[in-house]
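Engineer: If it helps, the file is called structure.cif and holds mmCIF, N, CA and C atoms:
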data_entry
loop_
_atom_site.label_atom_id
_atom_site.label_comp_id
_atom_site.auth_asym_id
_atom_site.auth_seq_id
_atom_site.Cartn_x
_atom_site.Cartn_y
_atom_site.Cartn_z
N MET G 27 -31.78 -22.69 -20.63
CA MET G 27 -31.59 -21.47 -19.90
C MET G 27 -31.48 -20.31 -20.89
N GLU G 28 -32.28 -19.30 -20.67
CA GLU G 28 -32.26 -18.14 -21.56
C GLU G 28 -30.91 -17.45 -21.47
N ASP G 29 -30.41 -17.01 -22.62
CA ASP G 29 -29.11 -16.38 -22.66
C ASP G 29 -29.22 -14.88 -22.41
N LEU G 30 -29.27 -14.50 -21.15
CA LEU G 30 -29.35 -13.10 -20.78
C LEU G 30 -28.04 -12.40 -21.13
N TYR G 31 -28.11 -11.11 -21.38
CA TYR G 31 -26.96 -10.36 -21.89
C TYR G 31 -25.70 -10.52 -21.02
N PHE G 32 -25.85 -10.41 -19.70
CA PHE G 32 -24.67 -10.46 -18.83
C PHE G 32 -23.91 -11.78 -18.96
N ARG G 33 -24.61 -12.85 -19.32
CA ARG G 33 -23.95 -14.16 -19.47
C ARG G 33 -23.01 -14.20 -20.67
N LYS G 34 -23.17 -13.25 -21.58
CA LYS G 34 -22.31 -13.17 -22.75
C LYS G 34 -21.03 -12.39 -22.48
N LEU G 35 -20.95 -11.73 -21.34
CA LEU G 35 -19.79 -10.90 -21.01
C LEU G 35 -18.62 -11.76 -20.51
N ASN G 36 -17.45 -11.52 -21.09
CA ASN G 36 -16.25 -12.25 -20.64
C ASN G 36 -15.96 -12.01 -19.17
N VAL G 37 -16.21 -10.80 -18.70
CA VAL G 37 -15.93 -10.48 -17.30
C VAL G 37 -16.83 -11.31 -16.37
N TYR G 38 -18.05 -11.57 -16.79
CA TYR G 38 -18.95 -12.40 -15.99
C TYR G 38 -18.43 -13.84 -15.94
N THR G 39 -18.07 -14.36 -17.10
CA THR G 39 -17.54 -15.73 -17.18
C THR G 39 -16.24 -15.85 -16.39
N ASN G 40 -15.35 -14.89 -16.55
CA ASN G 40 -14.06 -14.93 -15.84
C ASN G 40 -14.25 -14.80 -14.33
N SER G 41 -15.21 -14.00 -13.91
CA SER G 41 -15.43 -13.86 -12.47
C SER G 41 -16.00 -15.14 -11.87
N LYS G 42 -16.81 -15.87 -12.64
CA LYS G 42 -17.28 -17.17 -12.14
C LYS G 42 -16.13 -18.16 -12.04
N GLU G 43 -15.20 -18.11 -12.99
CA GLU G 43 -14.02 -18.98 -12.93
C GLU G 43 -13.16 -18.65 -11.70
N LEU G 44 -13.06 -17.37 -11.39
CA LEU G 44 -12.32 -16.97 -10.19
C LEU G 44 -12.99 -17.52 -8.94
N VAL G 45 -14.31 -17.48 -8.89
CA VAL G 45 -15.04 -18.04 -7.75
C VAL G 45 -14.69 -19.52 -7.58
N LYS G 46 -14.71 -20.26 -8.68
CA LYS G 46 -14.39 -21.70 -8.61
C LYS G 46 -12.96 -21.92 -8.13
N TYR G 47 -12.05 -21.10 -8.63
CA TYR G 47 -10.65 -21.22 -8.21
C TYR G 47 -10.51 -20.93 -6.71
N ILE G 48 -11.17 -19.90 -6.26
CA ILE G 48 -11.11 -19.53 -4.84
C ILE G 48 -11.73 -20.61 -3.96
N TYR G 49 -12.82 -21.19 -4.41
CA TYR G 49 -13.43 -22.28 -3.64
C TYR G 49 -12.45 -23.46 -3.51
N SER G 50 -11.67 -23.70 -4.55
CA SER G 50 -10.67 -24.79 -4.45
C SER G 50 -9.54 -24.39 -3.51
N LEU G 51 -9.16 -23.11 -3.50
CA LEU G 51 -8.09 -22.66 -2.62
C LEU G 51 -8.46 -22.76 -1.15
N ILE G 52 -9.68 -22.37 -0.83
CA ILE G 52 -10.04 -22.34 0.59
C ILE G 52 -10.17 -23.73 1.21
N GLN G 53 -10.14 -24.75 0.37
CA GLN G 53 -10.10 -26.12 0.89
C GLN G 53 -8.79 -26.37 1.64
N LYS G 54 -7.76 -25.56 1.33
CA LYS G 54 -6.45 -25.73 1.95
C LYS G 54 -6.34 -25.03 3.31
N PHE G 55 -7.32 -24.21 3.65
CA PHE G 55 -7.26 -23.42 4.86
C PHE G 55 -7.49 -24.32 6.09
N PRO G 56 -6.95 -23.92 7.23
CA PRO G 56 -7.20 -24.70 8.45
C PRO G 56 -8.66 -24.59 8.88
N PRO G 57 -9.15 -25.59 9.57
CA PRO G 57 -10.57 -25.61 9.97
C PRO G 57 -11.01 -24.38 10.77
N GLU G 58 -10.12 -23.82 11.55
CA GLU G 58 -10.51 -22.66 12.37
C GLU G 58 -10.82 -21.41 11.54
N GLU G 59 -10.45 -21.43 10.27
CA GLU G 59 -10.75 -20.30 9.38
C GLU G 59 -12.07 -20.48 8.62
N LYS G 60 -12.72 -21.61 8.81
CA LYS G 60 -13.94 -21.93 8.04
C LYS G 60 -15.01 -20.84 8.16
N PHE G 61 -15.21 -20.31 9.35
CA PHE G 61 -16.27 -19.34 9.57
C PHE G 61 -15.76 -17.91 9.66
N SER G 62 -14.50 -17.70 9.36
CA SER G 62 -13.98 -16.34 9.39
C SER G 62 -13.43 -15.95 8.02
N LEU G 63 -12.14 -16.14 7.80
CA LEU G 63 -11.52 -15.71 6.55
C LEU G 63 -12.12 -16.44 5.34
N CYS G 64 -12.35 -17.74 5.46
CA CYS G 64 -12.94 -18.50 4.34
C CYS G 64 -14.31 -17.96 3.96
N ALA G 65 -15.12 -17.72 4.96
CA ALA G 65 -16.47 -17.21 4.70
C ALA G 65 -16.41 -15.83 4.05
N GLN G 66 -15.49 -15.00 4.51
CA GLN G 66 -15.36 -13.66 3.95
C GLN G 66 -14.89 -13.71 2.49
N ILE G 67 -13.93 -14.57 2.21
CA ILE G 67 -13.43 -14.72 0.84
C ILE G 67 -14.53 -15.27 -0.07
N ARG G 68 -15.29 -16.24 0.42
CA ARG G 68 -16.40 -16.79 -0.37
C ARG G 68 -17.41 -15.71 -0.71
N ARG G 69 -17.81 -14.93 0.29
CA ARG G 69 -18.81 -13.87 0.06
C ARG G 69 -18.30 -12.84 -0.95
N ALA G 70 -17.05 -12.42 -0.77
CA ALA G 70 -16.50 -11.40 -1.67
C ALA G 70 -16.38 -11.94 -3.10
N SER G 71 -15.95 -13.18 -3.24
CA SER G 71 -15.77 -13.72 -4.59
C SER G 71 -17.10 -13.90 -5.31
N THR G 72 -18.11 -14.41 -4.62
CA THR G 72 -19.40 -14.60 -5.28
C THR G 72 -20.08 -13.26 -5.55
N SER G 73 -19.72 -12.25 -4.81
CA SER G 73 -20.29 -10.92 -5.00
C SER G 73 -19.97 -10.35 -6.38
N ILE G 74 -18.85 -10.74 -6.96
CA ILE G 74 -18.45 -10.17 -8.26
C ILE G 74 -19.43 -10.55 -9.37
N PRO G 75 -19.60 -11.83 -9.69
CA PRO G 75 -20.56 -12.14 -10.77
C PRO G 75 -22.00 -11.78 -10.40
N ILE G 76 -22.32 -11.86 -9.12
CA ILE G 76 -23.68 -11.53 -8.69
C ILE G 76 -23.98 -10.05 -8.95
N ASN G 77 -23.03 -9.18 -8.64
CA ASN G 77 -23.25 -7.75 -8.87
C ASN G 77 -23.22 -7.38 -10.35
N ILE G 78 -22.43 -8.09 -11.14
CA ILE G 78 -22.47 -7.87 -12.58
C ILE G 78 -23.87 -8.21 -13.10
N ALA G 79 -24.37 -9.38 -12.70
CA ALA G 79 -25.70 -9.81 -13.13
C ALA G 79 -26.77 -8.83 -12.64
N GLU G 80 -26.70 -8.44 -11.39
CA GLU G 80 -27.71 -7.53 -10.85
C GLU G 80 -27.66 -6.17 -11.54
N GLY G 81 -26.47 -5.70 -11.83
CA GLY G 81 -26.34 -4.43 -12.54
C GLY G 81 -27.01 -4.46 -13.90
N PHE G 82 -26.88 -5.57 -14.59
CA PHE G 82 -27.48 -5.68 -15.91
C PHE G 82 -28.97 -6.00 -15.83
N GLY G 83 -29.47 -6.18 -14.62
CA GLY G 83 -30.90 -6.31 -14.40
C GLY G 83 -31.54 -4.95 -14.15
N ARG G 84 -30.72 -3.91 -14.12
CA ARG G 84 -31.22 -2.55 -13.91
C ARG G 84 -31.39 -1.86 -15.26
N PHE G 85 -32.29 -0.91 -15.30
CA PHE G 85 -32.57 -0.24 -16.57
C PHE G 85 -31.69 0.98 -16.81
N SER G 86 -31.23 1.61 -15.77
CA SER G 86 -30.44 2.83 -15.99
C SER G 86 -28.95 2.51 -16.01
N SER G 87 -28.24 3.23 -16.85
CA SER G 87 -26.78 3.08 -16.93
C SER G 87 -26.12 3.47 -15.61
N LYS G 88 -26.69 4.44 -14.94
CA LYS G 88 -26.13 4.89 -13.66
C LYS G 88 -26.16 3.74 -12.64
N GLU G 89 -27.27 3.03 -12.60
CA GLU G 89 -27.37 1.89 -11.67
C GLU G 89 -26.44 0.76 -12.09
N LYS G 90 -26.37 0.48 -13.40
CA LYS G 90 -25.44 -0.55 -13.89
C LYS G 90 -24.02 -0.22 -13.44
N ALA G 91 -23.62 1.03 -13.63
CA ALA G 91 -22.27 1.47 -13.26
C ALA G 91 -22.03 1.26 -11.76
N ARG G 92 -23.01 1.55 -10.94
CA ARG G 92 -22.86 1.39 -9.49
C ARG G 92 -22.63 -0.07 -9.12
N PHE G 93 -23.34 -0.99 -9.73
CA PHE G 93 -23.14 -2.41 -9.42
C PHE G 93 -21.78 -2.92 -9.92
N ILE G 94 -21.31 -2.35 -11.02
CA ILE G 94 -19.97 -2.70 -11.50
C ILE G 94 -18.93 -2.20 -10.50
N GLU G 95 -19.16 -1.02 -9.93
CA GLU G 95 -18.25 -0.49 -8.90
C GLU G 95 -18.24 -1.39 -7.67
N ILE G 96 -19.39 -1.89 -7.28
CA ILE G 96 -19.46 -2.81 -6.13
C ILE G 96 -18.69 -4.09 -6.44
N ALA G 97 -18.84 -4.61 -7.65
CA ALA G 97 -18.09 -5.81 -8.05
C ALA G 97 -16.59 -5.54 -7.99
N PHE G 98 -16.18 -4.36 -8.43
CA PHE G 98 -14.76 -4.00 -8.40
C PHE G 98 -14.25 -3.93 -6.96
N GLY G 99 -15.06 -3.38 -6.08
CA GLY G 99 -14.69 -3.32 -4.66
C GLY G 99 -14.50 -4.72 -4.07
N SER G 100 -15.37 -5.64 -4.44
CA SER G 100 -15.24 -7.03 -3.97
C SER G 100 -13.97 -7.67 -4.52
N LEU G 101 -13.65 -7.33 -5.76
CA LEU G 101 -12.44 -7.88 -6.37
C LEU G 101 -11.19 -7.42 -5.62
N THR G 102 -11.13 -6.15 -5.27
CA THR G 102 -9.96 -5.66 -4.53
C THR G 102 -9.93 -6.22 -3.11
N GLU G 103 -11.10 -6.46 -2.55
CA GLU G 103 -11.18 -7.10 -1.24
C GLU G 103 -10.55 -8.49 -1.29
N ILE G 104 -10.87 -9.25 -2.33
CA ILE G 104 -10.32 -10.59 -2.48
C ILE G 104 -8.81 -10.56 -2.60
N SER G 105 -8.31 -9.58 -3.33
CA SER G 105 -6.87 -9.45 -3.49
C SER G 105 -6.19 -9.31 -2.13
N CYS G 106 -6.75 -8.46 -1.29
CA CYS G 106 -6.21 -8.27 0.06
C CYS G 106 -6.34 -9.54 0.90
N GLU G 107 -7.48 -10.19 0.84
CA GLU G 107 -7.70 -11.40 1.63
C GLU G 107 -6.75 -12.52 1.21
N LEU G 108 -6.50 -12.64 -0.08
CA LEU G 108 -5.59 -13.68 -0.55
C LEU G 108 -4.13 -13.35 -0.21
N GLU G 109 -3.81 -12.07 -0.22
CA GLU G 109 -2.47 -11.66 0.21
C GLU G 109 -2.25 -12.04 1.67
N LEU G 110 -3.25 -11.77 2.51
CA LEU G 110 -3.17 -12.17 3.91
C LEU G 110 -3.09 -13.69 4.04
N SER G 111 -3.85 -14.40 3.23
CA SER G 111 -3.85 -15.86 3.26
C SER G 111 -2.47 -16.41 2.92
N TYR G 112 -1.83 -15.81 1.95
CA TYR G 112 -0.46 -16.22 1.60
C TYR G 112 0.49 -15.92 2.76
N GLU G 113 0.41 -14.73 3.31
CA GLU G 113 1.30 -14.33 4.41
C GLU G 113 1.09 -15.18 5.66
N LEU G 114 -0.13 -15.69 5.83
CA LEU G 114 -0.42 -16.57 6.97
C LEU G 114 -0.05 -18.02 6.68
N GLY G 115 0.36 -18.30 5.45
CA GLY G 115 0.79 -19.65 5.08
C GLY G 115 -0.34 -20.58 4.70
N TYR G 116 -1.51 -20.03 4.41
CA TYR G 116 -2.65 -20.87 4.05
C TYR G 116 -2.62 -21.28 2.57
N ILE G 117 -2.04 -20.44 1.73
CA ILE G 117 -1.92 -20.75 0.30
C ILE G 117 -0.47 -20.52 -0.12
N THR G 118 -0.09 -21.14 -1.22
CA THR G 118 1.28 -21.01 -1.72
C THR G 118 1.42 -19.73 -2.56
N LEU G 119 2.64 -19.37 -2.83
CA LEU G 119 2.91 -18.23 -3.70
C LEU G 119 2.33 -18.48 -5.10
N GLU G 120 2.42 -19.72 -5.56
CA GLU G 120 1.86 -20.06 -6.87
C GLU G 120 0.34 -19.88 -6.88
N ASP G 121 -0.32 -20.30 -5.80
CA ASP G 121 -1.76 -20.11 -5.68
C ASP G 121 -2.11 -18.62 -5.72
N PHE G 122 -1.36 -17.86 -4.94
CA PHE G 122 -1.60 -16.41 -4.87
C PHE G 122 -1.38 -15.76 -6.23
N ASP G 123 -0.27 -16.11 -6.89
CA ASP G 123 0.04 -15.53 -8.19
C ASP G 123 -1.03 -15.86 -9.24
N GLU G 124 -1.54 -17.07 -9.22
CA GLU G 124 -2.59 -17.45 -10.17
C GLU G 124 -3.86 -16.65 -9.90
N ALA G 125 -4.22 -16.51 -8.65
CA ALA G 125 -5.40 -15.71 -8.31
C ALA G 125 -5.20 -14.26 -8.73
N GLU G 126 -4.03 -13.72 -8.46
CA GLU G 126 -3.74 -12.33 -8.84
C GLU G 126 -3.78 -12.16 -10.36
N ARG G 127 -3.31 -13.15 -11.10
CA ARG G 127 -3.36 -13.08 -12.57
C ARG G 127 -4.81 -12.95 -13.01
N GLN G 128 -5.69 -13.76 -12.43
CA GLN G 128 -7.11 -13.70 -12.78
C GLN G 128 -7.72 -12.37 -12.33
N ILE G 129 -7.33 -11.90 -11.17
CA ILE G 129 -7.85 -10.64 -10.62
C ILE G 129 -7.48 -9.47 -11.53
N VAL G 130 -6.25 -9.45 -12.02
CA VAL G 130 -5.81 -8.36 -12.91
C VAL G 130 -6.64 -8.35 -14.19
N ILE G 131 -6.89 -9.51 -14.75
CA ILE G 131 -7.70 -9.60 -15.97
C ILE G 131 -9.11 -9.08 -15.71
N ILE G 132 -9.72 -9.54 -14.64
CA ILE G 132 -11.09 -9.13 -14.31
C ILE G 132 -11.13 -7.64 -13.99
N SER G 133 -10.10 -7.15 -13.32
CA SER G 133 -10.02 -5.73 -12.99
C SER G 133 -10.05 -4.87 -14.25
N LYS G 134 -9.27 -5.25 -15.24
CA LYS G 134 -9.25 -4.51 -16.51
C LYS G 134 -10.60 -4.61 -17.21
N GLN G 135 -11.20 -5.79 -17.17
CA GLN G 135 -12.50 -5.98 -17.82
C GLN G 135 -13.59 -5.15 -17.14
N LEU G 136 -13.58 -5.14 -15.81
CA LEU G 136 -14.57 -4.34 -15.08
C LEU G 136 -14.38 -2.86 -15.36
N SER G 137 -13.14 -2.44 -15.42
CA SER G 137 -12.84 -1.03 -15.70
C SER G 137 -13.36 -0.64 -17.08
N ASN G 138 -13.11 -1.48 -18.07
CA ASN G 138 -13.60 -1.21 -19.42
C ASN G 138 -15.13 -1.24 -19.49
N LEU G 139 -15.73 -2.18 -18.79
CA LEU G 139 -17.18 -2.27 -18.77
C LEU G 139 -17.78 -1.02 -18.12
N HIS G 140 -17.19 -0.59 -17.02
CA HIS G 140 -17.65 0.61 -16.32
C HIS G 140 -17.55 1.83 -17.24
N LYS G 141 -16.43 1.93 -17.94
CA LYS G 141 -16.23 3.05 -18.86
C LYS G 141 -17.29 3.02 -19.96
N SER G 142 -17.57 1.86 -20.50
CA SER G 142 -18.57 1.72 -21.55
C SER G 142 -19.96 2.12 -21.04
N VAL G 143 -20.31 1.66 -19.86
CA VAL G 143 -21.62 1.95 -19.29
C VAL G 143 -21.75 3.43 -18.97
N THR G 144 -20.72 4.03 -18.38
CA THR G 144 -20.79 5.45 -18.03
C THR G 144 -20.77 6.33 -19.27
N ASN G 145 -20.03 5.93 -20.31
CA ASN G 145 -20.06 6.68 -21.57
C ASN G 145 -21.45 6.66 -22.17
N ASN G 146 -22.12 5.52 -22.07
CA ASN G 146 -23.49 5.40 -22.56
C ASN G 146 -24.42 6.31 -21.76
N PHE G 147 -24.19 6.37 -20.45
CA PHE G 147 -25.00 7.24 -19.57
C PHE G 147 -24.81 8.70 -19.96
N ILE G 148 -23.56 9.10 -20.22
CA ILE G 148 -23.27 10.48 -20.61
C ILE G 148 -23.91 10.80 -21.95
N LYS G 149 -23.77 9.90 -22.92
CA LYS G 149 -24.38 10.11 -24.25
C LYS G 149 -25.91 10.26 -24.13
N THR G 150 -26.52 9.40 -23.35
CA THR G 150 -27.97 9.44 -23.18
C THR G 150 -28.40 10.76 -22.58
N ASN G 151 -27.67 11.23 -21.57
CA ASN G 151 -28.04 12.49 -20.91
C ASN G 151 -27.82 13.68 -21.84
N ILE G 152 -26.78 13.65 -22.66
CA ILE G 152 -26.54 14.73 -23.61
C ILE G 152 -27.66 14.78 -24.64
N GLN G 153 -28.05 13.61 -25.14
CA GLN G 153 -29.13 13.54 -26.14
C GLN G 153 -30.45 14.04 -25.57
N GLN G 154 -30.68 13.78 -24.29
CA GLN G 154 -31.94 14.19 -23.67
C GLN G 154 -31.98 15.69 -23.43
N THR G 155 -30.83 16.34 -23.26
CA THR G 155 -30.81 17.77 -23.00
C THR G 155 -30.78 18.62 -24.26
N THR G 156 -30.51 17.97 -25.41
CA THR G 156 -30.47 18.73 -26.66
C THR G 156 -31.76 18.65 -27.43
#
For this file, produce the structure as structure tokens.
Structural biologist:
Amino acid sequence: MEDLYFRKLNVYTNSKELVKYIYSLIQKFPPEEKFSLCAQIRRASTSIPINIAEGFGRFSSKEKARFIEIAFGSLTEISCELELSYELGYITLEDFDEAERQIVIISKQLSNLHKSVTNNFIKTNIQQTT
């Protein structure tokens, strides 16, 4: 498998680990949640690494930044969904805390990546106007 740039990013690797963790968590949910909350959590979690990869498949920094923003939105969505899952008794406090620990790390990484990409966009535009 060719080593594309996004695969070298810690945020990409960590977001895939979060997906795996979430997939293990939703095994604990009651069957009636299979097509509702579980499906929503699955979609949101997989959206993070997918949008990171898609963003790095774009040529412009502006587009890359937008896909990172979408990934960040999915990350905050998961945080809310897992909080509800804990409050509904589907996952334990320990499960929730571990997911939140991973979410905080990924959140910081996405924020730094976004800053790096947007700074590159600003530098490129300044160079083009001078």
Engineer: Please write as a list in words the full residue list that the PyMOL selection byres ((chain G and resi 131-143) around 7) yields on this file.
Structural biologist: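 With the PyMOL selection byres ((chain G and resi 131-143) around 7) on this model, the match is Val37, Asn40, Ser41, Ser87, Lys88, Lys90, Ala91, Ile94, Glu95, Phe98, Glu126, Arg127, Gln128, Ile129, Val130, Thr144, Asn145, Asn146, Phe147 and Ile148 of chain G.
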Engineer: Point out the residue among G:Lys46, G:Phe93, G:Thr102, G:Phe82 with the least atom-to-atom distance to Lys34 in chain G, counting only C-alpha atoms.
Structural biologist: G:Phe82
Engineer: Apply the PyMOL selection byres ((chain G and resi 107-116) around 8) to the structure shown and report the selected residues as an MDAnalysis selection string.
Structural biologist: chainID G and resid 51:52 54:56 63 66:67 101:106 117:119 121:122
Engineer: So how many Å separate atom N of Ser71 in chain G and atom C of Ser86 in chain G, to one decimal?
Structural biologist: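 About the pair atom N of Ser71 in chain G and atom C of Ser86 in chain G: they are 24.0 Å apart.
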Engineer: Which of these residues is nearest to Val45 in chain G, using only C-alpha atoms: G:Lys60, G:Arg84, G:Arg69, G:Arg33?
Structural biologist: G:Arg69
Engineer: Run through the PyMOL selection byres ((chain G and resi 32) around 8) on the given coordinates and return the selected residues as an NGL selection string.
Structural biologist: :G and (29-31 or 33-39 or 78-80 or 82-83)
Engineer: Quick one, how far is atom N of Glu43 in chain G from atom C of Glu89 in chain G?
Structural biologist: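 Result for atom N of Glu43 in chain G versus atom C of Glu89 in chain G: 22.0 Å, one decimal.
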Engineer: Measuring between all atoms listed in the file, which one of G:Ile74, G:Glu59, G:Ala125, G:Ser50 shows the shortest distance to Gly99 in chain G?
Structural biologist: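 Among the listed residues, the smallest separation from Gly99 in chain G belongs to G:Ile74.
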Engineer: One decimal, Å: what's the distance from atom N of Asn77 in chain G over to atom N of Ser100 in chain G, could you say?
Structural biologist: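 A separation of 9.4 Å between them.
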Engineer: Work out where the centre of an axis-aligned box around every listed atom of range 119-133 of chain G lies and how long its edges are once 6 Å is added on each side; give both in Å to one decimal as JSON.
Structural biologist:
{"center_x": -4.1, "center_y": -12.6, "center_z": -9.4, "size_x": 26.0, "size_y": 27.4, "size_z": 25.1}
Engineer: Using DSSP on the backbone coordinates, identify all residues within chain G classified as helix (DSSP H, G or I); present the result as a PyMOL selection string.
Structural biologist: chain G and resi 31-34+36-54+57-59+63-81+87-113+119-155
